[in-house]
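Source file: coords.tsv; contents: TSV, C-alpha atoms (C1' of nucleotides).
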```
chain	number	residue	atom	x	y	z
A	1	MET	CA	212.49	-138.75	48.73
A	2	PRO	CA	214.27	-137.90	45.45
A	3	PRO	CA	212.42	-136.06	42.70
A	4	VAL	CA	210.50	-138.45	40.50
A	5	ALA	CA	211.00	-139.00	36.81
A	6	THR	CA	207.55	-139.29	35.25
A	7	LYS	CA	204.18	-137.70	35.74
A	8	HIS	CA	202.74	-141.09	36.58
A	9	ALA	CA	205.33	-141.71	39.28
A	10	ALA	CA	204.76	-138.20	40.61
A	11	LEU	CA	201.05	-138.91	40.89
A	12	ILE	CA	201.66	-142.15	42.74
A	13	HIS	CA	203.92	-140.35	45.14
A	14	ALA	CA	201.37	-137.60	45.63
A	15	LEU	CA	198.63	-140.15	46.27
A	16	ASN	CA	200.73	-141.87	48.88
A	17	HIS	CA	201.28	-138.56	50.59
A	18	GLU	CA	197.66	-137.55	50.26
A	19	GLY	CA	196.56	-140.91	51.67
A	20	ARG	CA	198.45	-140.18	54.86
A	21	GLN	CA	197.21	-136.65	55.13
A	22	TYR	CA	193.67	-137.72	54.43
A	23	SER	CA	193.91	-140.31	57.15
A	24	THR	CA	195.18	-137.73	59.59
A	25	ALA	CA	192.25	-135.48	58.71
A	26	VAL	CA	189.78	-138.28	59.38
A	27	VAL	CA	191.40	-138.87	62.75
A	28	VAL	CA	191.27	-135.16	63.58
A	29	PHE	CA	187.62	-134.94	62.60
A	30	HIS	CA	186.78	-138.07	64.53
A	31	HIS	CA	188.55	-136.72	67.57
A	32	ALA	CA	186.66	-133.42	67.39
A	33	VAL	CA	183.34	-135.25	67.12
A	34	SER	CA	184.21	-137.46	70.08
A	35	ARG	CA	185.01	-134.49	72.27
A	36	ARG	CA	181.82	-132.80	71.17
A	37	LEU	CA	179.84	-135.87	72.25
A	38	GLY	CA	181.59	-136.05	75.62
A	39	LEU	CA	183.66	-139.12	74.80
A	40	ASN	CA	187.29	-139.81	74.09
A	41	ALA	CA	188.19	-140.95	70.58
A	42	GLY	CA	188.58	-144.60	71.52
A	43	ASP	CA	185.30	-144.84	73.36
A	44	HIS	CA	183.52	-143.10	70.49
A	45	LYS	CA	184.81	-145.72	68.11
A	46	TYR	CA	183.58	-148.54	70.32
A	47	ALA	CA	180.21	-146.84	70.81
A	48	ASP	CA	180.01	-146.59	67.03
A	49	ILE	CA	180.64	-150.30	66.67
A	50	LEU	CA	177.83	-151.02	69.13
A	51	MET	CA	175.45	-148.62	67.38
A	52	ARG	CA	176.16	-150.16	64.00
A	53	SER	CA	176.25	-153.80	65.02
A	54	GLY	CA	173.56	-153.71	67.70
A	55	PRO	CA	173.64	-155.45	71.09
A	56	MET	CA	176.49	-157.85	71.74
A	57	THR	CA	178.24	-159.41	74.70
A	58	ALA	CA	181.27	-157.80	76.31
A	59	GLY	CA	183.35	-160.74	75.11
A	60	LYS	CA	182.26	-160.20	71.50
A	61	LEU	CA	183.28	-156.54	71.69
A	62	ALA	CA	186.65	-157.57	73.11
A	63	GLU	CA	187.06	-159.96	70.20
A	64	ILE	CA	186.13	-157.36	67.58
A	65	THR	CA	188.35	-154.67	69.05
A	66	GLY	CA	191.24	-156.92	70.05
A	67	LEU	CA	191.23	-155.48	73.55
A	68	THR	CA	191.41	-157.37	76.82
A	69	SER	CA	188.31	-157.97	78.94
A	70	GLY	CA	189.70	-155.56	81.51
A	71	ALA	CA	189.85	-152.78	78.96
A	72	ILE	CA	186.28	-153.51	77.85
A	73	THR	CA	185.10	-153.21	81.45
A	74	GLY	CA	186.52	-149.71	81.62
A	75	ILE	CA	185.15	-148.68	78.24
A	76	VAL	CA	181.67	-149.92	79.04
A	77	ASP	CA	181.82	-148.19	82.43
A	78	ARG	CA	182.45	-144.89	80.66
A	79	LEU	CA	179.90	-145.45	77.89
A	80	ALA	CA	177.25	-146.49	80.41
A	81	GLN	CA	178.03	-143.51	82.63
A	82	ALA	CA	177.70	-141.18	79.64
A	83	GLY	CA	174.37	-142.81	78.74
A	84	TRP	CA	175.26	-144.46	75.43
A	85	VAL	CA	174.90	-148.11	76.40
A	86	LYS	CA	173.29	-150.28	79.05
A	87	ARG	CA	174.57	-153.48	80.63
A	88	ILE	CA	171.93	-156.21	80.57
A	89	GLN	CA	172.52	-159.58	82.13
A	90	ASP	CA	171.87	-162.37	79.65
A	91	PRO	CA	168.96	-164.38	81.07
A	92	ALA	CA	170.13	-167.48	79.20
A	93	ASP	CA	173.68	-167.30	80.61
A	94	LYS	CA	174.04	-165.19	83.70
A	95	ARG	CA	177.79	-164.83	83.33
A	96	ARG	CA	177.31	-162.85	80.16
A	97	VAL	CA	176.64	-159.13	79.92
A	98	ILE	CA	174.84	-157.88	76.83
A	99	LEU	CA	175.87	-154.38	75.86
A	100	THR	CA	172.83	-152.60	74.49
A	101	PRO	CA	173.03	-149.25	72.72
A	102	ILE	CA	170.57	-146.74	74.14
A	103	HIS	CA	168.63	-144.80	71.52
A	104	HIS	CA	168.01	-141.54	73.28
A	105	PRO	CA	166.30	-138.92	71.05
A	106	LYS	CA	168.36	-136.11	72.56
A	107	LYS	CA	171.62	-137.89	71.82
A	108	ALA	CA	170.45	-138.81	68.34
A	109	LYS	CA	169.81	-135.14	67.72
A	110	GLU	CA	173.31	-134.23	68.93
A	111	VAL	CA	174.83	-136.79	66.58
A	112	GLN	CA	172.70	-135.48	63.74
A	113	ALA	CA	173.84	-131.92	64.47
A	114	VAL	CA	177.48	-132.94	64.36
A	115	PHE	CA	177.36	-135.02	61.19
A	116	GLY	CA	174.72	-133.01	59.37
A	117	SER	CA	176.97	-130.29	58.07
A	118	LEU	CA	179.66	-132.78	57.05
A	119	ILE	CA	177.10	-134.66	55.01
A	120	THR	CA	175.94	-131.41	53.43
A	121	ALA	CA	179.48	-130.35	52.58
A	122	MET	CA	180.41	-133.74	51.19
A	123	GLY	CA	177.19	-133.76	49.20
A	124	GLN	CA	178.11	-130.42	47.65
A	125	LEU	CA	181.59	-131.67	46.79
A	126	SER	CA	180.43	-134.89	45.22
A	127	GLY	CA	177.72	-133.03	43.35
A	128	SER	CA	180.46	-131.75	41.06
A	129	TYR	CA	181.43	-135.31	40.15
A	130	SER	CA	179.58	-137.77	37.98
A	131	ASP	CA	178.46	-141.12	39.34
A	132	THR	CA	181.10	-142.76	37.16
A	133	GLU	CA	183.79	-140.60	38.69
A	134	LEU	CA	182.62	-141.24	42.22
A	135	ALA	CA	182.56	-144.96	41.55
A	136	LEU	CA	186.11	-144.74	40.24
A	137	ILE	CA	187.29	-142.93	43.36
A	138	LEU	CA	185.49	-145.37	45.62
A	139	ASP	CA	187.02	-148.30	43.82
A	140	PHE	CA	190.52	-146.89	44.00
A	141	MET	CA	190.23	-146.21	47.71
A	142	ALA	CA	188.90	-149.68	48.40
A	143	ARG	CA	191.73	-151.26	46.43
A	144	SER	CA	194.33	-149.09	48.15
A	145	ARG	CA	192.88	-150.04	51.50
A	146	THR	CA	193.18	-153.72	50.66
A	147	ILE	CA	196.81	-153.22	49.70
A	148	LEU	CA	197.52	-151.32	52.91
A	149	LEU	CA	196.03	-154.07	55.04
A	150	GLU	CA	197.90	-156.78	53.13
A	151	GLN	CA	201.14	-154.87	53.51
A	152	ALA	CA	200.48	-154.32	57.19
A	153	VAL	CA	200.19	-158.08	57.64
A	154	GLN	CA	203.37	-158.64	55.63
A	155	VAL	CA	205.28	-156.02	57.60
A	156	GLY	CA	203.92	-157.40	60.84
A	157	ALA	CA	205.00	-160.92	59.95
A	158	LYS	CA	208.62	-159.77	59.75
A	159	LYS	CA	208.13	-157.86	62.96
A	160	LYS	CA	211.06	-157.59	65.27
A	161	PRO	CA	210.48	-158.83	68.81
A	162	GLN	CA	212.03	-155.76	70.41
A	163	THR	CA	210.14	-152.51	70.86
A	164	ALA	CA	211.23	-149.24	72.39
A	165	ARG	CA	210.02	-150.16	75.85
A	166	ASN	CA	211.99	-150.38	79.07
A	167	VAL	CA	214.21	-147.57	77.88
A	168	LYS	CA	216.11	-146.29	80.88
A	169	ARG	CA	216.20	-142.53	80.78
A	170	ARG	CA	219.78	-141.40	80.73
A	171	ARG	CA	220.89	-138.31	79.02
A	172	ALA	CA	223.92	-136.05	79.00
A	173	ARG	CA	223.45	-132.34	79.40
B	1	MET	CA	171.26	-145.79	58.38
B	2	PRO	CA	168.17	-146.19	56.17
B	3	PRO	CA	168.52	-147.30	52.54
B	4	VAL	CA	169.24	-144.36	50.29
B	5	ALA	CA	167.07	-143.16	47.47
B	6	THR	CA	169.44	-142.45	44.56
B	7	LYS	CA	172.59	-143.93	43.14
B	8	HIS	CA	174.37	-140.64	43.75
B	9	ALA	CA	173.38	-140.56	47.42
B	10	ALA	CA	174.40	-144.20	47.75
B	11	LEU	CA	177.83	-143.36	46.37
B	12	ILE	CA	178.26	-140.46	48.77
B	13	HIS	CA	177.33	-142.69	51.63
B	14	ALA	CA	179.71	-145.38	50.44
B	15	LEU	CA	182.52	-142.85	50.11
B	16	ASN	CA	181.93	-141.64	53.63
B	17	HIS	CA	182.14	-145.20	54.87
B	18	GLU	CA	185.14	-145.98	52.72
B	19	GLY	CA	186.88	-142.85	53.97
B	20	ARG	CA	186.68	-144.12	57.50
B	21	GLN	CA	187.78	-147.61	56.61
B	22	TYR	CA	190.61	-146.28	54.52
B	23	SER	CA	191.76	-144.16	57.40
B	24	THR	CA	191.69	-147.15	59.72
B	25	ALA	CA	193.77	-149.11	57.22
B	26	VAL	CA	196.38	-146.35	57.08
B	27	VAL	CA	196.54	-146.36	60.86
B	28	VAL	CA	196.91	-150.13	60.95
B	29	PHE	CA	199.68	-150.05	58.35
B	30	HIS	CA	201.44	-147.23	60.10
B	31	HIS	CA	201.25	-149.10	63.37
B	32	ALA	CA	202.71	-152.24	61.83
B	33	VAL	CA	205.58	-150.27	60.31
B	34	SER	CA	206.28	-148.58	63.63
B	35	ARG	CA	206.49	-151.86	65.46
B	36	ARG	CA	208.73	-153.24	62.75
B	37	LEU	CA	211.08	-150.29	63.23
B	38	GLY	CA	211.14	-150.69	67.01
B	39	LEU	CA	209.03	-147.60	67.73
B	40	ASN	CA	205.52	-146.98	68.91
B	41	ALA	CA	203.11	-145.38	66.46
B	42	GLY	CA	203.33	-141.91	67.99
B	43	ASP	CA	207.11	-141.80	68.10
B	44	HIS	CA	207.26	-143.03	64.52
B	45	LYS	CA	205.08	-140.14	63.44
B	46	TYR	CA	207.30	-137.63	65.19
B	47	ALA	CA	210.44	-139.23	63.78
B	48	ASP	CA	208.83	-138.94	60.36
B	49	ILE	CA	208.22	-135.23	60.91
B	50	LEU	CA	211.87	-134.76	61.81
B	51	MET	CA	213.08	-136.79	58.83
B	52	ARG	CA	210.90	-134.81	56.42
B	53	SER	CA	211.44	-131.37	57.90
B	54	GLY	CA	215.05	-131.72	58.95
B	55	PRO	CA	216.62	-130.49	62.19
B	56	MET	CA	214.49	-128.32	64.43
B	57	THR	CA	214.39	-127.29	68.07
B	58	ALA	CA	212.42	-129.23	70.66
B	59	GLY	CA	210.12	-126.25	71.02
B	60	LYS	CA	209.36	-126.22	67.30
B	61	LEU	CA	208.45	-129.90	67.42
B	62	ALA	CA	206.17	-129.23	70.39
B	63	GLU	CA	204.51	-126.47	68.41
B	64	ILE	CA	204.01	-128.64	65.32
B	65	THR	CA	202.66	-131.60	67.24
B	66	GLY	CA	200.66	-129.63	69.79
B	67	LEU	CA	202.28	-131.56	72.64
B	68	THR	CA	203.73	-130.13	75.85
B	69	SER	CA	207.46	-129.72	76.29
B	70	GLY	CA	207.40	-132.53	78.84
B	71	ALA	CA	205.96	-134.93	76.29
B	72	ILE	CA	208.59	-133.90	73.76
B	73	THR	CA	211.32	-134.67	76.27
B	74	GLY	CA	210.05	-138.23	76.58
B	75	ILE	CA	209.63	-138.69	72.83
B	76	VAL	CA	213.13	-137.42	72.08
B	77	ASP	CA	214.54	-139.63	74.84
B	78	ARG	CA	213.05	-142.66	73.12
B	79	LEU	CA	213.99	-141.62	69.59
B	80	ALA	CA	217.54	-140.85	70.69
B	81	GLN	CA	217.81	-144.14	72.53
B	82	ALA	CA	216.61	-146.00	69.44
B	83	GLY	CA	219.17	-144.14	67.34
B	84	TRP	CA	216.88	-142.07	65.12
B	85	VAL	CA	217.77	-138.58	66.34
B	86	LYS	CA	220.51	-136.76	68.20
B	87	ARG	CA	220.21	-133.87	70.65
B	88	ILE	CA	222.58	-131.08	69.75
B	89	GLN	CA	222.94	-127.98	71.87
B	90	ASP	CA	222.42	-124.84	69.83
B	91	PRO	CA	225.76	-122.93	69.97
B	92	ALA	CA	223.95	-119.65	69.38
B	93	ASP	CA	221.50	-120.17	72.26
B	94	LYS	CA	222.54	-122.73	74.79
B	95	ARG	CA	219.04	-123.14	76.16
B	96	ARG	CA	217.92	-124.64	72.89
B	97	VAL	CA	218.25	-128.25	71.81
B	98	ILE	CA	218.34	-128.98	68.10
B	99	LEU	CA	216.87	-132.33	67.22
B	100	THR	CA	218.84	-133.78	64.37
B	101	PRO	CA	217.73	-136.85	62.42
B	102	ILE	CA	220.48	-139.44	62.14
B	103	HIS	CA	220.91	-140.93	58.67
B	104	HIS	CA	222.20	-144.37	59.43
B	105	PRO	CA	222.58	-146.58	56.31
B	106	LYS	CA	221.36	-149.67	58.17
B	107	LYS	CA	218.21	-147.90	59.30
B	108	ALA	CA	217.63	-146.44	55.86
B	109	LYS	CA	217.77	-149.96	54.47
B	110	GLU	CA	215.24	-151.16	57.02
B	111	VAL	CA	212.89	-148.35	56.08
B	112	GLN	CA	213.39	-149.14	52.41
B	113	ALA	CA	212.59	-152.81	53.05
B	114	VAL	CA	209.37	-151.92	54.82
B	115	PHE	CA	208.06	-149.39	52.30
B	116	GLY	CA	209.47	-151.02	49.17
B	117	SER	CA	206.75	-153.60	48.69
B	118	LEU	CA	204.03	-151.07	49.44
B	119	ILE	CA	205.38	-148.80	46.75
B	120	THR	CA	205.52	-151.74	44.33
B	121	ALA	CA	201.96	-152.78	45.09
B	122	MET	CA	200.65	-149.25	44.84
B	123	GLY	CA	202.54	-148.82	41.59
B	124	GLN	CA	200.84	-151.91	40.18
B	125	LEU	CA	197.43	-150.66	41.25
B	126	SER	CA	197.86	-147.21	39.82
B	127	GLY	CA	199.28	-148.68	36.62
B	128	SER	CA	195.72	-149.67	35.75
B	129	TYR	CA	194.59	-146.04	35.98
B	130	SER	CA	195.31	-143.21	33.57
B	131	ASP	CA	197.07	-140.07	34.74
B	132	THR	CA	193.80	-138.20	34.34
B	133	GLU	CA	192.05	-140.67	36.61
B	134	LEU	CA	194.78	-140.53	39.22
B	135	ALA	CA	194.66	-136.75	39.18
B	136	LEU	CA	190.91	-136.90	39.67
B	137	ILE	CA	191.25	-139.21	42.67
B	138	LEU	CA	193.99	-137.09	44.16
B	139	ASP	CA	191.92	-133.96	43.76
B	140	PHE	CA	188.86	-135.52	45.34
B	141	MET	CA	190.82	-136.75	48.34
B	142	ALA	CA	192.46	-133.37	48.85
B	143	ARG	CA	189.08	-131.62	48.71
B	144	SER	CA	187.52	-134.13	51.09
B	145	ARG	CA	190.41	-133.66	53.45
B	146	THR	CA	189.88	-129.90	53.44
B	147	ILE	CA	186.22	-130.39	54.24
B	148	LEU	CA	187.02	-132.78	57.07
B	149	LEU	CA	189.42	-130.34	58.64
B	150	GLU	CA	186.99	-127.44	58.28
B	151	GLN	CA	184.24	-129.52	59.83
B	152	ALA	CA	186.53	-130.58	62.65
B	153	VAL	CA	187.13	-126.93	63.48
B	154	GLN	CA	183.43	-126.20	63.31
B	155	VAL	CA	182.55	-129.17	65.50
B	156	GLY	CA	185.31	-128.23	67.91
B	157	ALA	CA	184.07	-124.67	68.16
B	158	LYS	CA	180.73	-125.89	69.51
B	159	LYS	CA	182.55	-128.27	71.80
B	160	LYS	CA	181.02	-128.99	75.15
B	161	PRO	CA	183.19	-128.25	78.17
B	162	GLN	CA	182.54	-131.61	79.80
B	163	THR	CA	184.33	-134.79	78.78
B	164	ALA	CA	184.01	-138.31	80.08
B	165	ARG	CA	186.78	-137.93	82.62
B	166	ASN	CA	186.63	-138.26	86.35
B	167	VAL	CA	183.92	-140.86	86.02
B	168	LYS	CA	183.64	-142.67	89.32
B	169	ARG	CA	183.32	-146.35	88.70
B	170	ARG	CA	180.10	-147.57	90.25
B	171	ARG	CA	178.14	-150.41	88.87
B	172	ALA	CA	175.34	-152.77	89.94
B	173	ARG	CA	175.76	-156.47	89.47
C	1	DG	C1'	223.89	-105.67	86.52
C	2	DT	C1'	218.98	-106.71	87.66
C	3	DG	C1'	214.56	-108.44	86.37
C	4	DA	C1'	211.65	-110.51	83.12
C	5	DT	C1'	211.31	-113.87	79.60
C	6	DT	C1'	212.35	-118.12	77.16
C	7	DA	C1'	213.62	-123.13	76.24
C	8	DT	C1'	213.93	-127.36	78.09
C	9	DC	C1'	213.74	-130.72	81.66
C	10	DT	C1'	211.69	-132.64	86.02
C	11	DT	C1'	208.11	-134.13	89.02
C	12	DA	C1'	203.66	-135.61	90.29
C	13	DG	C1'	199.44	-137.01	88.82
C	14	DT	C1'	196.06	-138.98	85.27
C	15	DC	C1'	194.21	-142.06	81.82
C	16	DA	C1'	193.68	-146.10	79.07
C	17	DC	C1'	195.59	-149.91	78.56
C	18	DT	C1'	197.67	-155.13	79.75
C	19	DA	C1'	198.48	-159.35	82.47
C	20	DA	C1'	197.16	-162.18	85.81
C	21	DG	C1'	194.02	-163.75	88.91
C	22	DA	C1'	189.22	-163.91	91.39
C	23	DC	C1'	184.78	-165.59	91.07
C	24	DA	C1'	180.35	-167.02	89.73
C	25	DA	C1'	177.89	-169.60	86.22
C	26	DA	C1'	177.76	-173.14	82.88
C	27	DC	C1'	179.23	-177.37	80.96
C	28	DC	C1'	180.82	-182.14	81.04
C	29	DA	C1'	181.90	-186.36	82.45
C	30	DC	C1'	180.55	-190.25	85.23
D	1	DG	C1'	173.21	-185.12	90.96
D	2	DT	C1'	178.27	-184.23	92.32
D	3	DG	C1'	183.00	-182.71	91.24
D	4	DG	C1'	186.17	-180.85	88.13
D	5	DT	C1'	186.99	-178.02	84.27
D	6	DT	C1'	185.94	-174.23	81.34
D	7	DT	C1'	183.99	-169.73	80.31
D	8	DG	C1'	182.70	-164.70	80.79
D	9	DT	C1'	183.36	-160.73	83.19
D	10	DC	C1'	185.33	-157.99	86.67
D	11	DT	C1'	189.26	-156.70	89.81
D	12	DT	C1'	193.89	-155.55	90.94
D	13	DA	C1'	198.46	-154.12	90.15
D	14	DG	C1'	201.52	-152.28	87.10
D	15	DT	C1'	202.99	-149.62	82.71
D	16	DG	C1'	203.50	-146.09	78.99
D	17	DA	C1'	202.43	-141.70	77.28
D	18	DC	C1'	200.59	-137.89	78.26
D	19	DT	C1'	199.53	-132.96	81.01
D	20	DA	C1'	200.27	-129.20	84.33
D	21	DA	C1'	203.09	-126.91	87.12
D	22	DG	C1'	207.39	-125.84	88.71
D	23	DA	C1'	212.75	-125.93	88.53
D	24	DT	C1'	216.73	-124.45	86.16
D	25	DA	C1'	219.68	-122.27	83.15
D	26	DA	C1'	220.38	-119.04	79.31
D	27	DT	C1'	219.08	-114.87	77.04
D	28	DC	C1'	217.11	-110.35	76.48
D	29	DA	C1'	215.72	-105.43	77.76
D	30	DC	C1'	216.90	-101.58	79.98
```

Written as structure tokens, that's how I'd like the structure from this file.
Amino acid sequence: MPPVATKHAALIHALNHEGRQYSTAVVVFHHAVSRRLGLNAGDHKYADILMRSGPMTAGKLAEITGLTSGAITGIVDRLAQAGWVKRIQDPADKRRVILTPIHHPKKAKEVQAVFGSLITAMGQLSGSYSDTELALILDFMARSRTILLEQAVQVGAKKKPQTARNVKRRRAR
Amino acid sequence: MPPVATKHAALIHALNHEGRQYSTAVVVFHHAVSRRLGLNAGDHKYADILMRSGPMTAGKLAEITGLTSGAITGIVDRLAQAGWVKRIQDPADKRRVILTPIHHPKKAKEVQAVFGSLITAMGQLSGSYSDTELALILDFMARSRTILLEQAVQVGAKKKPQTARNVKRRRAR
DNA sequence: GTGATTATCTTAGTCACTAAGACAAACCAC
DNA sequence: GTGGTTTGTCTTAGTGACTAAGATAATCAC
């Protein structure tokens, strides 16, 4: 990118860059937490959805995540094996499986241990900001997020059919 | 999570939540852009590293990304096939391969088309903020990012050896 | 020159996914 | 009720992107 002309433009550019870096940091943190809890990053995310939203059918989770039913089967296998969720047959419709988060005190303690120091550190940071400032930051991030999602849709709509798959490996040495 | 006691605590909680959602939005946007450019999200990221940092050896890219040399081989195969980079043998050390980003006007135009409207939209948003405010937001995000990365290291240090791999699929019906 | 080291590629195996189909349960005529 | 269709989940086969370990060629140390 070429050097920018005004301070305002420079700030916008820096925010764009920071947005990406921030996102990467969230992903890195999330990944570390997942490993710590004995899950891969994807499964952790899905477990989180279940914990937040409460019991739901396998189909509902597939819908929320956009994954196929086959993928959900594998995810639930792993989460059940690791003791985070239970499969319960719906008595009202025996085809359905209700995925139920298990609230195990030991696991809750582990989660607490992992997030506790983040919450403390973030609390310390935000302690140096006024409520007005925090609200401003929150609002900006929410607005930026909306723009990103809108743009993603717009970019996706113009999406090219071809992706980099089926590339035959052929290389000169 | 239980309802929080103070406005300040509520804001911290909201920022934590927003941080995650923001990160997801960045990932979604990035994914859409990648698809639009005929790459998968990972390859796009690596191409971006090359474009920003300029030519480097395959080994250097492996080091930066933390991937194995075998993975780099595959990534460079795909990027080269799609016309984003070239492999050039280092004349000074014929073992080495220098990965060189290709600056193709047509591709540059594509990239411009994809990011142009994001930049416009973000410009409009940040137009409603003063430079002081933008600087505040930028600073907060950078500090949060630092905390996240520190916490990731800390969480990782206590990491359990076992992960959810090698789970034998066994399930009652 | 010979041996150890280095940089990349290759091969074999793994993991999380998709697509398509199997199968039981539920729904819907009639 | 019975028969055909639809629905919800699981199974199977195949793929893409990775890792680990080893092959290969070039370089370095002496």

May I have a table of the residues of chain C lying at most 12 Å from chain A, giving each one's closest pair of atoms and their distance in Å to one decimal, counting all atoms listed in the file, ordered by chain and ascending residue number, as CSV?
```
residue,atom,partner,partner_atom,distance
C:DT8,C1',A:Arg173,CA,10.8
C:DC9,C1',A:Arg173,CA,10.1
C:DC15,C1',A:Asn40,CA,10.6
C:DA16,C1',A:Ala71,CA,7.7
C:DC17,C1',A:Ala71,CA,6.4
C:DT18,C1',A:Thr68,CA,7.3
C:DA19,C1',A:Thr68,CA,9.3
C:DA20,C1',A:Gly70,CA,10.9
C:DG21,C1',A:Gly70,CA,11.9
C:DC23,C1',A:Arg95,CA,10.5
C:DA24,C1',A:Arg95,CA,7.2
C:DA25,C1',A:Arg95,CA,5.6
C:DA26,C1',A:Asp93,CA,7.5
C:DC27,C1',A:Asp93,CA,11.5
```

- Message: With distances taken over all atoms listed in the file, which residue among D:DT15, D:DG8, D:DC30, D:DG22 lies nearest chain A?
- Response: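 Closest to chain A of all the choices is D:DG8.
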
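Comparing D:DA21, D:DT12, D:DT7, D:DT27 by their smallest distance to chain B, the closest is D:DT27 (using only C-alpha atoms (C1' of nucleotides)).
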
- How many Å separate atom CA of A:Pro91 from atom CA of A:Thr65? 24.8 Å

- Item | Proximity to A:Gln112 - best of A:Leu134, A:Val33, A:Leu11, A:Leu50, all atoms listed in the file |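 For A:Gln112, the nearest of the given residues is A:Val33.
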
- Task: Just the residues within 12 Å of B:Gly116, please, counting all atoms listed in the file, with nothing from its chain fewer than 6 positions along; format it as number ranges by chain.
- Result: A: 151, 154-155; B: 33, 108-110, 122-123

- Within 6 Å of chain A, which residues of chain B are there when counting only C-alpha atoms? Please give them as a list of chain:residue names. B:Leu15, B:Tyr22, B:Ser23, B:Ala25, B:Phe29, B:Ala32, B:Arg36, B:Gly38, B:Leu39, B:Ile137, B:Leu138, B:Arg145, B:Leu148, B:Leu149, B:Ala152, B:Gly156, B:Lys159, B:Lys160, B:Thr163, B:Ala164

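Here atom CA of A:Asp90 stands at a distance of 18.5 Å from atom C1' of D:DT6.
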
- Message: As an exercise, work out the distance from atom CA of A:Ala58 to atom C1' of D:DT9 in Å and give it to one decimal place.
- Response: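 Separating atom CA of A:Ala58 from atom C1' of D:DT9 is a distance of 7.8 Å.
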
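For the choices A:Pro55, A:Ile72, A:Ile64, A:Ala47, the atom-to-atom distance to chain D is smallest for A:Ile72 when using all atoms listed in the file.
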
- Which of these residues is nearest to chain D, using all atoms listed in the file: B:Lys86, B:Pro105, B:Thr73, B:Leu99?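 Residue with the minimum atom-to-atom distance to chain D: B:Thr73.
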
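Residues lying within 6 Å of (196.7, -136.2, 81.4). Counted over only C-alpha atoms (C1' of nucleotides), they are DT14 of chain C; DC18 and DT19 of chain D.
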
- Message: Around the point (214.7, -119.7, 80.5) (coordinates from the file), which residues reach within 8 Å if we count all atoms listed in the file? Answer as a VMD selection string.
- Response: (chain B and resid 95) or (chain C and resid 5 to 7) or (chain D and resid 24 to 27)
